[in-house]
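Asks: What follows is the file run_30.cif, containing mmCIF, C-alpha atoms:
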data_work
#
loop_
_atom_site.label_atom_id
_atom_site.label_comp_id
_atom_site.auth_asym_id
_atom_site.auth_seq_id
_atom_site.Cartn_x
_atom_site.Cartn_y
_atom_site.Cartn_z
CA MET Y 347 0.00 0.00 0.00
CA ILE Y 348 2.87 2.39 0.78
CA THR Y 349 4.53 1.86 -2.61
CA THR Y 350 1.20 2.23 -4.42
CA PHE Y 351 0.53 5.52 -2.61
CA SER Y 352 4.09 6.70 -3.32
CA VAL Y 353 3.73 6.03 -7.05
CA TYR Y 354 0.36 7.79 -7.05
CA ILE Y 355 1.63 11.01 -5.48
CA THR Y 356 4.94 11.13 -7.38
CA ASN Y 357 3.68 9.97 -10.80
CA ALA Y 358 6.58 7.49 -10.90
CA GLN Y 359 4.90 5.55 -13.72
CA GLU Y 360 5.78 8.45 -15.99
CA ASN Y 361 9.47 8.08 -15.07
CA GLY Y 362 9.85 4.44 -16.11
CA VAL Y 363 8.40 2.57 -13.11
CA GLN Y 364 6.27 -0.25 -14.48
CA THR Y 365 2.90 -0.56 -12.80
CA VAL Y 366 -0.12 -2.80 -13.12
CA LYS Y 367 -1.93 -0.09 -15.06
CA HIS Y 368 -5.63 -0.33 -15.86
CA ILE Y 369 -7.67 -3.06 -14.21
CA HIS Y 370 -11.26 -3.60 -15.23
CA LYS Y 371 -13.60 -2.79 -12.36
CA GLY Y 372 -16.41 -5.13 -11.34
CA ARG Y 373 -17.20 -8.77 -11.96
CA ASN Y 374 -16.78 -10.48 -15.32
CA PRO Y 375 -19.92 -10.69 -17.43
CA LEU Y 376 -21.71 -14.01 -17.94
CA SER Y 377 -20.60 -15.91 -21.04
CA ALA Y 378 -22.77 -19.02 -21.03
CA ASN Y 379 -24.64 -17.74 -24.07
CA GLU Y 380 -21.35 -17.49 -25.98
CA ILE Y 381 -20.44 -21.18 -25.72
CA TYR Y 382 -20.86 -22.96 -29.07
CA PHE Y 383 -20.30 -26.60 -29.99
CA THR Y 384 -20.35 -25.98 -33.73
CA GLY Y 385 -18.38 -23.91 -36.20
CA LYS Y 386 -14.95 -23.89 -37.76
CA TYR Y 387 -13.15 -23.24 -34.47
CA LEU Y 388 -14.55 -26.29 -32.69
CA VAL Y 389 -11.63 -28.62 -33.50
CA SER Y 390 -9.04 -25.98 -32.65
CA GLY Y 391 -10.83 -25.21 -29.40
CA ILE Y 392 -10.85 -28.89 -28.42
CA LYS Y 393 -7.13 -29.24 -29.13
CA ILE Y 394 -6.27 -26.14 -27.11
CA GLY Y 395 -8.58 -27.23 -24.30
CA VAL Y 396 -7.04 -30.70 -24.05
CA VAL Y 397 -3.48 -29.33 -23.95
CA ALA Y 398 -4.39 -26.60 -21.47
CA GLY Y 399 -6.26 -29.10 -19.29
CA ILE Y 400 -3.33 -31.54 -19.19
CA ILE Y 401 -0.86 -28.79 -18.31
CA ALA Y 402 -3.18 -27.30 -15.69
CA LEU Y 403 -3.84 -30.67 -14.07
CA THR Y 404 -0.15 -31.65 -14.06
CA GLU Y 405 0.91 -28.31 -12.64
CA SER Y 406 -1.78 -28.35 -9.94
CA ILE Y 407 -0.97 -31.89 -8.78
CA ALA Y 408 2.77 -31.16 -8.78
CA ILE Y 409 2.31 -28.02 -6.71
CA GLY Y 410 -0.16 -29.78 -4.42
CA ARG Y 411 2.27 -32.62 -3.74
CA THR Y 412 5.01 -30.11 -2.96
CA PHE Y 413 2.97 -28.41 -0.26
CA ALA Y 414 1.56 -31.75 0.91
CA SER Y 415 5.06 -33.03 1.61
CA VAL Y 416 5.87 -29.85 3.55
CA LYS Y 417 2.66 -29.93 5.61
CA ASP Y 418 2.63 -33.76 5.90
CA TYR Y 419 -0.75 -34.62 4.40
CA GLN Y 420 -2.02 -36.64 1.45
CA ILE Y 421 -3.79 -35.48 -1.70
CA ASP Y 422 -6.18 -37.40 -3.93
CA GLY Y 423 -5.45 -37.03 -7.65
CA ASN Y 424 -9.03 -37.91 -8.62
CA GLN Y 425 -10.42 -35.31 -6.24
CA GLU Y 426 -8.08 -32.69 -7.66
CA MET Y 427 -9.17 -33.56 -11.19
CA VAL Y 428 -12.87 -33.30 -10.33
CA ALA Y 429 -12.33 -29.98 -8.53
CA LEU Y 430 -10.38 -28.44 -11.41
CA GLY Y 431 -12.93 -29.65 -13.95
CA LEU Y 432 -15.88 -28.25 -11.99
CA VAL Y 433 -14.17 -24.90 -11.39
CA ASN Y 434 -13.28 -24.50 -15.07
CA ILE Y 435 -16.80 -25.40 -16.17
CA VAL Y 436 -18.23 -22.70 -13.91
CA GLY Y 437 -15.47 -20.30 -14.90
CA SER Y 438 -16.19 -20.80 -18.61
CA MET Y 439 -19.68 -19.41 -18.00
CA THR Y 440 -18.38 -16.26 -16.27
CA SER Y 441 -15.61 -15.19 -18.68
CA CYS Y 442 -12.84 -16.52 -16.43
CA TYR Y 443 -9.33 -17.52 -17.34
CA VAL Y 444 -8.32 -21.20 -17.14
CA THR Y 445 -8.13 -22.10 -13.44
CA THR Y 446 -5.16 -24.00 -12.02
CA GLY Y 447 -3.44 -24.43 -8.68
CA ALA Y 448 -1.20 -21.40 -9.15
CA LEU Y 449 2.28 -21.67 -7.67
CA ALA Y 450 2.62 -17.97 -6.81
CA ARG Y 451 -0.71 -17.62 -4.98
CA SER Y 452 -0.29 -20.99 -3.27
CA ALA Y 453 3.17 -19.97 -2.02
CA VAL Y 454 1.88 -16.64 -0.71
CA ASN Y 455 -1.02 -18.41 0.98
CA PHE Y 456 1.41 -20.90 2.55
CA MET Y 457 3.78 -18.21 3.82
CA ALA Y 458 0.84 -16.33 5.33
CA GLY Y 459 0.21 -19.32 7.61
CA CYS Y 460 -3.12 -20.48 6.19
CA GLN Y 461 -4.10 -23.95 7.40
CA THR Y 462 -7.50 -24.86 5.91
CA ALA Y 463 -9.63 -24.24 2.82
CA VAL Y 464 -11.52 -21.49 4.69
CA SER Y 465 -8.67 -19.18 3.71
CA ASN Y 466 -9.69 -19.61 0.07
CA ILE Y 467 -13.23 -18.49 0.90
CA VAL Y 468 -11.92 -15.42 2.73
CA MET Y 469 -9.56 -14.66 -0.15
CA ALA Y 470 -12.40 -14.98 -2.69
CA ILE Y 471 -14.53 -12.53 -0.68
CA VAL Y 472 -11.66 -10.06 -0.45
CA VAL Y 473 -11.01 -10.30 -4.19
CA LEU Y 474 -14.69 -9.70 -4.90
CA LEU Y 475 -14.74 -6.59 -2.67
CA VAL Y 476 -11.54 -5.31 -4.29
CA LEU Y 477 -12.99 -5.76 -7.79
CA GLU Y 478 -16.19 -3.98 -6.85
CA LEU Y 479 -14.81 -1.13 -4.73
CA ILE Y 480 -11.08 -0.31 -4.91
CA THR Y 481 -9.85 -1.76 -8.21
CA PRO Y 482 -8.68 1.63 -9.59
CA VAL Y 483 -6.29 2.02 -6.64
CA PHE Y 484 -4.19 -0.93 -7.79
CA GLU Y 485 -3.53 0.74 -11.10
CA TYR Y 486 -0.50 2.38 -9.47
CA THR Y 487 0.90 -0.77 -7.83
CA PRO Y 488 4.47 -1.38 -9.10
CA ILE Y 489 5.10 -4.77 -10.74
CA ALA Y 490 8.36 -5.03 -8.77
CA VAL Y 491 6.39 -5.10 -5.53
CA ILE Y 492 4.17 -7.92 -6.76
CA SER Y 493 7.27 -9.81 -7.92
CA SER Y 494 8.93 -9.41 -4.52
CA ILE Y 495 5.84 -10.80 -2.80
CA ILE Y 496 5.92 -13.84 -5.05
CA ILE Y 497 9.67 -14.36 -4.66
CA SER Y 498 9.46 -14.10 -0.88
CA GLY Y 499 6.73 -16.73 -0.90
CA ILE Y 500 8.58 -19.12 -3.21
CA SER Y 501 11.98 -18.76 -1.54
CA GLY Y 502 10.78 -20.91 1.35
CA LEU Y 503 10.18 -23.78 -1.08
CA ILE Y 504 13.85 -24.00 -2.15
CA ASP Y 505 15.46 -26.92 -0.31
CA ILE Y 506 19.18 -27.27 -1.02
CA GLU Y 507 19.55 -30.35 1.18
CA ALA Y 508 16.77 -32.14 -0.71
CA ALA Y 509 18.47 -31.30 -4.02
CA LEU Y 510 21.78 -32.73 -2.76
CA LEU Y 511 19.99 -35.85 -1.57
CA ILE Y 512 18.42 -36.29 -5.02
CA TRP Y 513 21.89 -35.96 -6.56
CA LYS Y 514 23.21 -38.73 -4.32
CA ILE Y 515 20.29 -41.05 -4.99
CA ASP Y 516 19.62 -40.62 -8.71
CA LYS Y 517 21.48 -38.37 -11.14
CA PHE Y 518 18.60 -38.53 -13.64
CA ASP Y 519 16.12 -37.24 -11.05
CA PHE Y 520 18.51 -34.42 -10.21
CA THR Y 521 18.66 -33.51 -13.90
CA ALA Y 522 14.86 -33.28 -13.98
CA CYS Y 523 14.90 -31.19 -10.80
CA LEU Y 524 17.52 -28.84 -12.20
CA GLY Y 525 15.66 -28.51 -15.50
CA ALA Y 526 12.43 -27.63 -13.70
CA PHE Y 527 14.24 -25.05 -11.56
CA ILE Y 528 15.86 -23.35 -14.55
CA GLY Y 529 12.60 -23.36 -16.51
CA VAL Y 530 10.62 -21.79 -13.66
CA VAL Y 531 13.25 -19.17 -12.84
CA PHE Y 532 14.03 -18.00 -16.37
CA TYR Y 533 10.74 -18.67 -18.17
CA SER Y 534 7.57 -19.79 -16.39
CA ALA Y 535 6.15 -22.55 -14.22
CA GLU Y 536 4.63 -24.22 -17.28
CA ILE Y 537 7.97 -24.34 -19.11
CA GLY Y 538 9.76 -25.69 -16.04
CA LEU Y 539 7.08 -28.33 -15.60
CA LEU Y 540 7.31 -29.39 -19.24
CA ILE Y 541 11.11 -29.72 -18.96
CA ALA Y 542 10.79 -31.91 -15.86
CA VAL Y 543 8.09 -34.06 -17.45
CA PHE Y 544 10.15 -34.49 -20.62
CA ILE Y 545 13.29 -35.57 -18.72
CA SER Y 546 11.25 -37.97 -16.57
CA PHE Y 547 9.66 -39.42 -19.68
CA VAL Y 548 13.09 -39.99 -21.23
CA LYS Y 549 14.18 -41.79 -18.04
CA ILE Y 550 11.14 -44.07 -18.10
CA LEU Y 551 11.65 -44.73 -21.80
CA LEU Y 552 15.27 -45.78 -21.23
CA GLN Y 553 14.21 -48.10 -18.41
CA VAL Y 554 11.60 -49.70 -20.65
CA ILE Y 555 13.89 -50.08 -23.67
CA ARG Y 556 16.90 -51.37 -21.73
CA PRO Y 557 15.68 -53.27 -18.65
CA ARG Y 558 18.15 -54.63 -16.14
CA THR Y 559 19.18 -58.26 -16.42
CA ALA Y 560 21.08 -60.21 -13.79
CA ILE Y 561 22.91 -63.53 -13.51
CA LEU Y 562 21.93 -65.42 -10.37
CA GLY Y 563 24.08 -67.69 -8.25
CA ASN Y 564 23.53 -69.85 -5.22
CA ILE Y 565 24.28 -68.44 -1.78
CA PRO Y 566 26.47 -71.05 -0.03
CA ARG Y 567 24.69 -73.40 2.39
CA THR Y 568 21.27 -72.10 1.31
CA THR Y 569 18.70 -72.66 -1.43
CA VAL Y 570 18.59 -68.93 -2.25
CA TYR Y 571 19.71 -67.57 -5.63
CA ARG Y 572 20.76 -63.93 -5.91
CA ASN Y 573 22.57 -61.55 -8.27
CA ILE Y 574 26.25 -62.51 -8.41
CA GLN Y 575 27.24 -58.85 -8.74
CA GLN Y 576 25.40 -57.90 -5.58
CA TYR Y 577 26.51 -61.02 -3.71
CA PRO Y 578 30.08 -61.94 -4.73
CA GLU Y 579 29.95 -65.09 -2.60
CA ALA Y 580 27.13 -66.49 -4.75
CA THR Y 581 28.34 -69.30 -7.01
CA LYS Y 582 27.08 -70.37 -10.40
CA VAL Y 583 25.63 -73.83 -10.87
CA PRO Y 584 27.81 -75.84 -13.28
CA GLY Y 585 26.14 -76.22 -16.67
CA VAL Y 586 23.12 -74.08 -15.70
CA LEU Y 587 22.71 -70.35 -16.36
CA ILE Y 588 20.10 -68.55 -14.24
CA VAL Y 589 18.96 -65.23 -15.75
CA ARG Y 590 16.54 -62.70 -14.24
CA VAL Y 591 14.85 -59.85 -16.15
CA ASP Y 592 13.75 -57.00 -13.89
CA PHE Y 593 10.99 -55.52 -16.06
CA ALA Y 594 7.99 -56.41 -18.15
CA ILE Y 595 8.82 -57.69 -21.64
CA TYR Y 596 7.20 -55.55 -24.33
CA PHE Y 597 7.68 -54.71 -27.98
CA SER Y 598 10.10 -51.92 -27.10
CA ASN Y 599 12.54 -54.15 -25.19
CA SER Y 600 11.89 -57.69 -26.47
CA ASN Y 601 14.89 -57.72 -28.84
CA TYR Y 602 17.17 -56.30 -26.16
CA VAL Y 603 16.08 -58.96 -23.66
CA ARG Y 604 16.62 -61.74 -26.20
CA GLU Y 605 20.04 -60.51 -27.33
CA SER Y 606 21.32 -59.76 -23.83
CA THR Y 607 20.15 -63.15 -22.57
CA TYR Y 608 21.58 -65.03 -25.54
CA SER Y 609 24.94 -63.34 -25.08
CA TYR Y 610 25.36 -65.16 -21.74
CA GLU Y 611 25.15 -68.59 -23.37
CA ASN Y 612 28.47 -70.40 -23.14
CA HIS Y 613 29.03 -74.14 -22.49
CA LEU Y 614 25.59 -74.67 -21.01
CA HIS Y 615 23.09 -77.48 -20.75
CA ASN Y 616 20.15 -75.50 -19.34
CA MET Y 617 19.14 -71.84 -19.18
CA VAL Y 618 16.75 -70.96 -16.36
CA HIS Y 619 14.72 -67.77 -16.85
CA ASN Y 620 13.58 -66.38 -13.50
CA VAL Y 621 10.56 -64.26 -14.51
CA THR Y 622 9.52 -63.25 -10.99
CA ALA Y 623 9.95 -59.54 -11.79
CA VAL Y 624 8.26 -59.82 -15.22
CA THR Y 625 4.79 -58.49 -14.45
CA ASP Y 626 3.55 -58.59 -18.04
CA ILE Y 627 4.50 -59.76 -21.52
CA ASP Y 628 3.07 -58.95 -24.94
CA THR Y 629 3.11 -60.75 -28.28
CA SER Y 630 6.53 -59.39 -29.24
CA GLY Y 631 7.96 -60.57 -25.93
CA ILE Y 632 6.61 -64.09 -26.51
CA HIS Y 633 8.08 -64.12 -30.02
CA ALA Y 634 11.42 -63.09 -28.51
CA LEU Y 635 11.26 -66.07 -26.13
CA GLU Y 636 10.43 -68.37 -29.02
CA GLU Y 637 13.42 -67.10 -31.02
CA LEU Y 638 15.62 -67.50 -27.96
CA ASN Y 639 14.40 -71.08 -27.51
CA ARG Y 640 15.14 -71.92 -31.15
CA SER Y 641 18.64 -70.47 -30.87
CA LEU Y 642 19.30 -72.43 -27.71
CA GLN Y 643 17.97 -75.66 -29.20
CA LYS Y 644 20.55 -75.41 -31.98
CA ARG Y 645 23.22 -75.46 -29.27
CA TYR Y 646 21.45 -78.28 -27.40
CA VAL Y 647 20.56 -75.96 -24.51
CA GLN Y 648 17.16 -76.32 -22.83
CA LEU Y 649 15.18 -73.18 -21.92
CA VAL Y 650 13.47 -73.36 -18.51
CA ILE Y 651 10.97 -70.88 -17.01
CA ALA Y 652 10.85 -70.34 -13.23
CA ASN Y 653 8.17 -68.62 -11.12
CA PRO Y 654 5.96 -67.01 -13.80
CA GLY Y 655 3.17 -64.74 -12.54
CA PRO Y 656 -0.54 -65.33 -13.33
CA VAL Y 657 -0.65 -62.76 -16.16
CA VAL Y 658 2.52 -64.08 -17.78
CA MET Y 659 1.44 -67.70 -17.36
CA GLU Y 660 -1.94 -67.05 -18.94
CA LYS Y 661 -0.37 -65.43 -22.00
CA LEU Y 662 2.23 -68.18 -22.35
CA HIS Y 663 -0.58 -70.75 -22.35
CA ALA Y 664 -2.62 -68.75 -24.86
CA SER Y 665 0.35 -68.46 -27.24
CA LYS Y 666 1.15 -72.23 -27.02
CA PHE Y 667 4.63 -71.40 -25.74
CA ILE Y 668 4.16 -73.86 -22.87
CA ASP Y 669 3.55 -76.62 -25.41
CA LEU Y 670 6.70 -75.56 -27.24
CA ILE Y 671 9.07 -76.01 -24.30
CA GLY Y 672 6.94 -78.54 -22.39
CA ASN Y 673 5.15 -78.39 -19.04
CA LYS Y 674 8.08 -80.18 -17.43
CA ASN Y 675 10.22 -77.09 -18.03
CA ILE Y 676 7.98 -74.75 -16.00
CA PHE Y 677 8.86 -74.58 -12.30
CA LEU Y 678 7.57 -72.77 -9.24
CA THR Y 679 10.99 -71.75 -7.92
CA VAL Y 680 14.55 -71.48 -9.17
CA ARG Y 681 15.57 -74.15 -6.67
CA ASP Y 682 13.16 -76.67 -8.22
CA ALA Y 683 14.45 -75.83 -11.69
CA VAL Y 684 18.10 -76.29 -10.69
CA GLU Y 685 17.45 -79.54 -8.84
CA THR Y 686 15.65 -80.91 -11.89
CA CYS Y 687 18.07 -79.62 -14.53
CA ALA Y 688 21.29 -80.64 -12.79
CA PRO Y 689 20.57 -83.45 -10.30
CA LYS Y 690 23.56 -85.57 -11.34
CA MET Y 691 25.96 -82.68 -11.00
CA ILE Y 692 24.67 -81.80 -7.55
CA LYS Y 693 24.69 -85.41 -6.30
CA SER Y 694 28.16 -86.12 -7.62
CA PHE Y 695 29.42 -82.91 -6.11
CA GLN Y 696 27.95 -83.89 -2.74
CA LYS Y 697 29.05 -87.56 -2.75
CA LYS Y 698 32.56 -87.21 -4.13
CA PRO Y 699 34.14 -85.91 -0.89
CA LYS Y 700 32.58 -88.76 1.15
CA LYS Y 701 33.85 -91.40 -1.28
CA THR Y 702 37.33 -89.93 -1.31
CA LEU Y 703 37.50 -89.71 2.46
CA TYR Y 704 36.29 -93.30 2.80
CA PHE Y 705 38.85 -94.60 0.33
CA PHE Y 706 41.56 -92.58 2.02
CA PHE Y 707 40.55 -94.07 5.36
CA PHE Y 708 40.68 -97.56 3.91
CA SER Y 709 44.02 -96.92 2.25
CA SER Y 710 45.74 -95.33 5.23
CA ASN Y 711 44.56 -97.92 7.76
CA SER Y 712 43.46 -101.27 6.38
CA LEU Y 713 46.04 -101.43 3.60
CA TRP Y 714 48.80 -100.32 5.93
CA VAL Y 715 47.84 -102.93 8.54
CA TYR Y 716 47.71 -105.59 5.85
CA LEU Y 717 51.17 -104.72 4.47
CA ARG Y 718 52.65 -104.41 7.94
CA LEU Y 719 51.40 -107.86 8.90
CA ARG Y 720 52.82 -109.32 5.72
CA VAL Y 721 56.22 -107.76 6.47
CA ARG Y 722 56.08 -109.10 10.01
CA GLU Y 723 55.43 -112.59 8.69
CA ILE Y 724 58.42 -112.32 6.36
CA ILE Y 725 60.62 -111.05 9.19
CA VAL Y 726 59.55 -113.86 11.49
CA PHE Y 727 60.16 -116.42 8.75
CA VAL Y 728 63.66 -115.06 8.04
CA SER Y 729 64.45 -114.96 11.77
CA SER Y 730 63.43 -118.57 12.22
CA MET Y 731 65.78 -119.55 9.41
CA ALA Y 732 68.73 -117.43 10.62
CA VAL Y 733 68.70 -117.98 14.40
CA PRO Y 734 70.14 -121.28 15.65
CA SER Y 735 67.75 -123.65 17.39
CA ASN Y 736 69.67 -123.62 20.66
CA VAL Y 737 69.32 -119.79 21.00
CA PRO Y 738 66.20 -118.76 22.99
CA ALA Y 739 63.75 -116.45 21.30
CA PRO Y 740 64.27 -112.82 22.32
CA ALA Y 741 61.58 -110.97 24.23
CA SER Y 742 61.56 -108.25 21.57
CA LEU Y 743 62.55 -108.91 18.00
CA TYR Y 744 65.08 -106.56 16.43
CA VAL Y 745 66.33 -106.57 12.91
CA GLY Y 746 69.89 -106.85 14.08
CA ASP Y 747 69.01 -110.17 15.62
CA LEU Y 748 67.68 -111.46 12.31
CA HIS Y 749 70.47 -110.65 9.95
CA PRO Y 750 73.66 -108.68 10.42
CA ASP Y 751 73.25 -106.81 7.13
CA ILE Y 752 69.80 -105.32 8.03
CA THR Y 753 69.65 -102.32 10.37
CA ASP Y 754 66.84 -100.72 12.32
CA GLY Y 755 67.04 -97.63 10.14
CA GLN Y 756 66.49 -99.63 6.97
CA LEU Y 757 63.43 -101.29 8.46
CA PHE Y 758 62.07 -97.87 9.54
CA ASP Y 759 62.60 -96.60 5.96
CA ALA Y 760 60.69 -99.60 4.62
CA PHE Y 761 57.77 -98.91 6.91
CA SER Y 762 57.81 -95.22 5.92
CA VAL Y 763 57.56 -96.16 2.25
CA ILE Y 764 54.62 -98.42 3.02
CA ASP Y 765 52.95 -95.60 4.93
CA ASN Y 766 53.36 -93.20 1.99
CA LEU Y 767 52.05 -95.74 -0.48
CA ALA Y 768 49.04 -96.44 1.69
CA SER Y 769 48.20 -92.72 1.92
CA VAL Y 770 48.09 -92.12 -1.85
CA ARG Y 771 44.65 -91.20 -3.23
CA VAL Y 772 43.62 -93.00 -6.43
#
Show how you would write the structure in this file as structure tokens.
Replies:
Amino acid sequence: MITTFSVYITNAQENGVQTVKHIHKGRNPLSANEIYFTGKYLVSGIKIGVVAGIIALTESIAIGRTFASVKDYQIDGNQEMVALGLVNIVGSMTSCYVTTGALARSAVNFMAGCQTAVSNIVMAIVVLLVLELITPVFEYTPIAVISSIIISGISGLIDIEAALLIWKIDKFDFTACLGAFIGVVFYSAEIGLLIAVFISFVKILLQVIRPRTAILGNIPRTTVYRNIQQYPEATKVPGVLIVRVDFAIYFSNSNYVRESTYSYENHLHNMVHNVTAVTDIDTSGIHALEELNRSLQKRYVQLVIANPGPVVMEKLHASKFIDLIGNKNIFLTVRDAVETCAPKMIKSFQKKPKKTLYFFFFSSNSLWVYLRLRVREIIVFVSSMAVPSNVPAPASLYVGDLHPDITDGQLFDAFSVIDNLASVRV
């Protein structure tokens, strides 16, 4: 009010100070009788209305979510859509501009400390009184003052810490945030919103076109299979490749999924596809699986499907893909698939240590005892031939008593050789 009065008494608008200038006094006239659903401008009007409605709805919901996160409450997108549609229908009958959840007025309302929707009713009454009574006074209000009010209201919405957190979490989200900020600051809220929506759309498109794929391995001493890059201790099953696709398989990514999966094939007997994260699949995705199966069959590799969801399973049945690979190659879990595809490898891997230990036990004990007894018999036989009959048998038998050319050390070396031979694994 002070700046408006100062401009009025000093005629500052004549010295280059930009003001609001003329504002029409009173309420807008009714325009219901001017609405037409025929004529050459009907198609153009529909196009403009659809674009304006989408932008208005997107901007309103985005602004509403911003303030909802600050004030810790939830908003209903359907309710917002109904409210905006009803307000614009009424506004179209009273010569009003397209109504949206304006960022500037919402920020000023927020900074003023308003808590409920009653503030909107009070504000509407004040605007009506201003239009009817004191509109000419605002002709001298400087635009700089209005801009400062808006900037002071929006400055509280700038959160540097949140921007840094977005940068740490996802660089693509930070790019969208930065694009929206630049667009709003240097152009308008609509331009900033369009930039953010475009960057977000590009991110989603890249995720759809190039979904993540992972090679799974078995966590030791468990039946759990996880990404070998996330869990370095996970080990691959010999002869079996377990692949997981972390997105739905559509026309846009079917070739990428097939080529990336086929590139893993190398000296395999079975390829297990864990489709737990595949929520949906279209015709192109099924064709990609069929081409992958044909390519694997040429290399004598069997394609196996593990844990398909109800939607995916229904479409695989409808396309006869189940008949192509066989019901026996559809499993509930990855564990069941691995146990069925590689039972011999798993059993041999589990039994081989027991067999080796048993043979080693037999070799290092029974064979040694057998050879030692045989040597003892030979020694006793030689001693009986070498010792005269009139010499009493010694209490303990030594090699020196048997033959003068054989020493205790030589006998110890012979026993050591027998021990080493008995300990050899075959």
Asks: Rounded to one decimal in Å, what is the spacing between atom CA of Y:Val416 and atom CA of Y:Thr446?
Replies: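 Atom CA of Y:Thr446 lies 20.0 Å from atom CA of Y:Val416.
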Asks: Looking at all atoms listed in the file, which of Y:Asn673, Y:Thr440, Y:Asn653, Y:Thr487 is the one that sits closest to Y:Thr349?
Replies: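 Checking each candidate against Y:Thr349, we get Y:Thr487 as the closest.
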Asks: In Å, rounded to a single decimal, give me how far atom CA of Y:Phe518 is from atom CA of Y:Ser546.
Replies: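 Atom CA of Y:Phe518 lies 7.9 Å from atom CA of Y:Ser546.
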Asks: Please determine, counting all atoms listed in the file, which residue among Y:Asp592, Y:Glu579, Y:Glu536, Y:Glu405 has the shortest atom-to-atom distance to Y:Ala560.
Replies: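 Nearest candidate to Y:Ala560 out of Y:Asp592, Y:Glu579, Y:Glu536, Y:Glu405: Y:Asp592.
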Asks: Check which residues satisfy the PyMOL selection byres ((chain Y and resi 625) around 10) in the file shown, then give them as a list in words.
Replies: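 Matching residues under the PyMOL selection byres ((chain Y and resi 625) around 10) are Asp592, Phe593, Ala594, Ile595, Val621, Thr622, Ala623, Val624, Asp626, Ile627, Pro654, Gly655, Pro656, Val657 and Val658 of chain Y.
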Asks: Would you export the selected residues with C-alpha atoms as a compact mmCIF listing (two decimals), keeping the file's coordinate frame, please?
Replies:
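The new file again-v7.txt reads:
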# COMPACT_ATOMS: atom_id res chain seq x y z
CA ASP Y 592 13.75 -57.00 -13.89
CA PHE Y 593 10.99 -55.52 -16.06
CA ALA Y 594 7.99 -56.41 -18.15
CA ILE Y 595 8.82 -57.69 -21.64
CA VAL Y 621 10.56 -64.26 -14.51
CA THR Y 622 9.52 -63.25 -10.99
CA ALA Y 623 9.95 -59.54 -11.79
CA VAL Y 624 8.26 -59.82 -15.22
CA ASP Y 626 3.55 -58.59 -18.04
CA ILE Y 627 4.50 -59.76 -21.52
CA PRO Y 654 5.96 -67.01 -13.80
CA GLY Y 655 3.17 -64.74 -12.54
CA PRO Y 656 -0.54 -65.33 -13.33
CA VAL Y 657 -0.65 -62.76 -16.16
CA VAL Y 658 2.52 -64.08 -17.78
Asks: Between atom CA of Y:Leu376 and atom CA of Y:Ser441, what distance in Å does the model show, to one decimal?
Replies: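 Between these atoms lies a distance of 6.3 Å.
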Asks: Using all atoms listed in the file for the distances, tell me which of Y:Tyr387, Y:Gly410, Y:Ser377, Y:Tyr419 is nearest to Y:Met439.
Replies: Y:Ser377
Asks: Give me the residues near Y:Asn564 as a list in words, where near means some atom within 6 Å (using only C-alpha atoms) and where sequence neighbours in that chain fewer than 3 positions away do not count.
Replies: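 Contacts, in chain order: Val570, Tyr571, Ala580 and Thr581 of chain Y.
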Asks: Need the shell around Y:Lys367: protein/DNA/RNA residues with any atom at most 9 Å away, counting all atoms listed in the file. Skip same-chain ones fewer than 4 positions apart. Format as a ChimeraX atom specification?
Replies: /Y:359,482,484-488
Asks: Using the chain letters and numbers from the file, which residues does the PyMOL selection byres ((chain Y and resi 363) around 12) grab, as a VMD selection string?
Replies: chain Y and resid 349 to 350 352 to 354 356 to 362 364 to 367 486 to 491
Asks: Can you list what the PyMOL selection byres ((chain Y and resi 597) around 7) grabs from this structure, as an MDAnalysis selection string?
Replies: chainID Y and resid 596 598:600 628 630:631
Asks: Given the selection you just returned, output its residues as a file containing C-alpha atoms, formatted as a PDB file, keeping the file's coordinate frame.
Replies:
ATOM      1  CA  TYR Y 596       7.200 -55.550 -24.330  1.00  0.00           C
ATOM      2  CA  SER Y 598      10.100 -51.920 -27.100  1.00  0.00           C
ATOM      3  CA  ASN Y 599      12.540 -54.150 -25.190  1.00  0.00           C
ATOM      4  CA  SER Y 600      11.890 -57.690 -26.470  1.00  0.00           C
ATOM      5  CA  ASP Y 628       3.070 -58.950 -24.940  1.00  0.00           C
ATOM      6  CA  SER Y 630       6.530 -59.390 -29.240  1.00  0.00           C
ATOM      7  CA  GLY Y 631       7.960 -60.570 -25.930  1.00  0.00           C
TER       8      GLY Y 631
END
Asks: Need to verify the contact set: Y:Ile421, 12 Å, only C-alpha atoms, exclusion of same-chain residues closer than 3 positions in sequence. Can you return it as a list in words?
Replies: Ser406, Ile407, Ala408, Ile409, Gly410, Arg411, Thr412, Phe413, Ala414, Ser415, Lys417, Asp418, Asn424, Gln425, Glu426 and Met427 of chain Y
Asks: Take every atom of stretch 574-585 of chain Y listed in the file, pad by 8 Å on each side, and give me the axis-aligned box centre and edge lengths in Å, one decimal, as JSON.
Replies:
{"center_x": 27.7, "center_y": -67.1, "center_z": -9.6, "size_x": 20.7, "size_y": 34.3, "size_z": 30.1}
Asks: Around the point (7.1, -19.3, -13.9) in the file's coordinates, collect all residues with an atom within 12 Å, using all atoms listed in the file, and return them as number ranges by chain.
Replies: Y: 405, 448-451, 493, 496-497, 500, 526-540
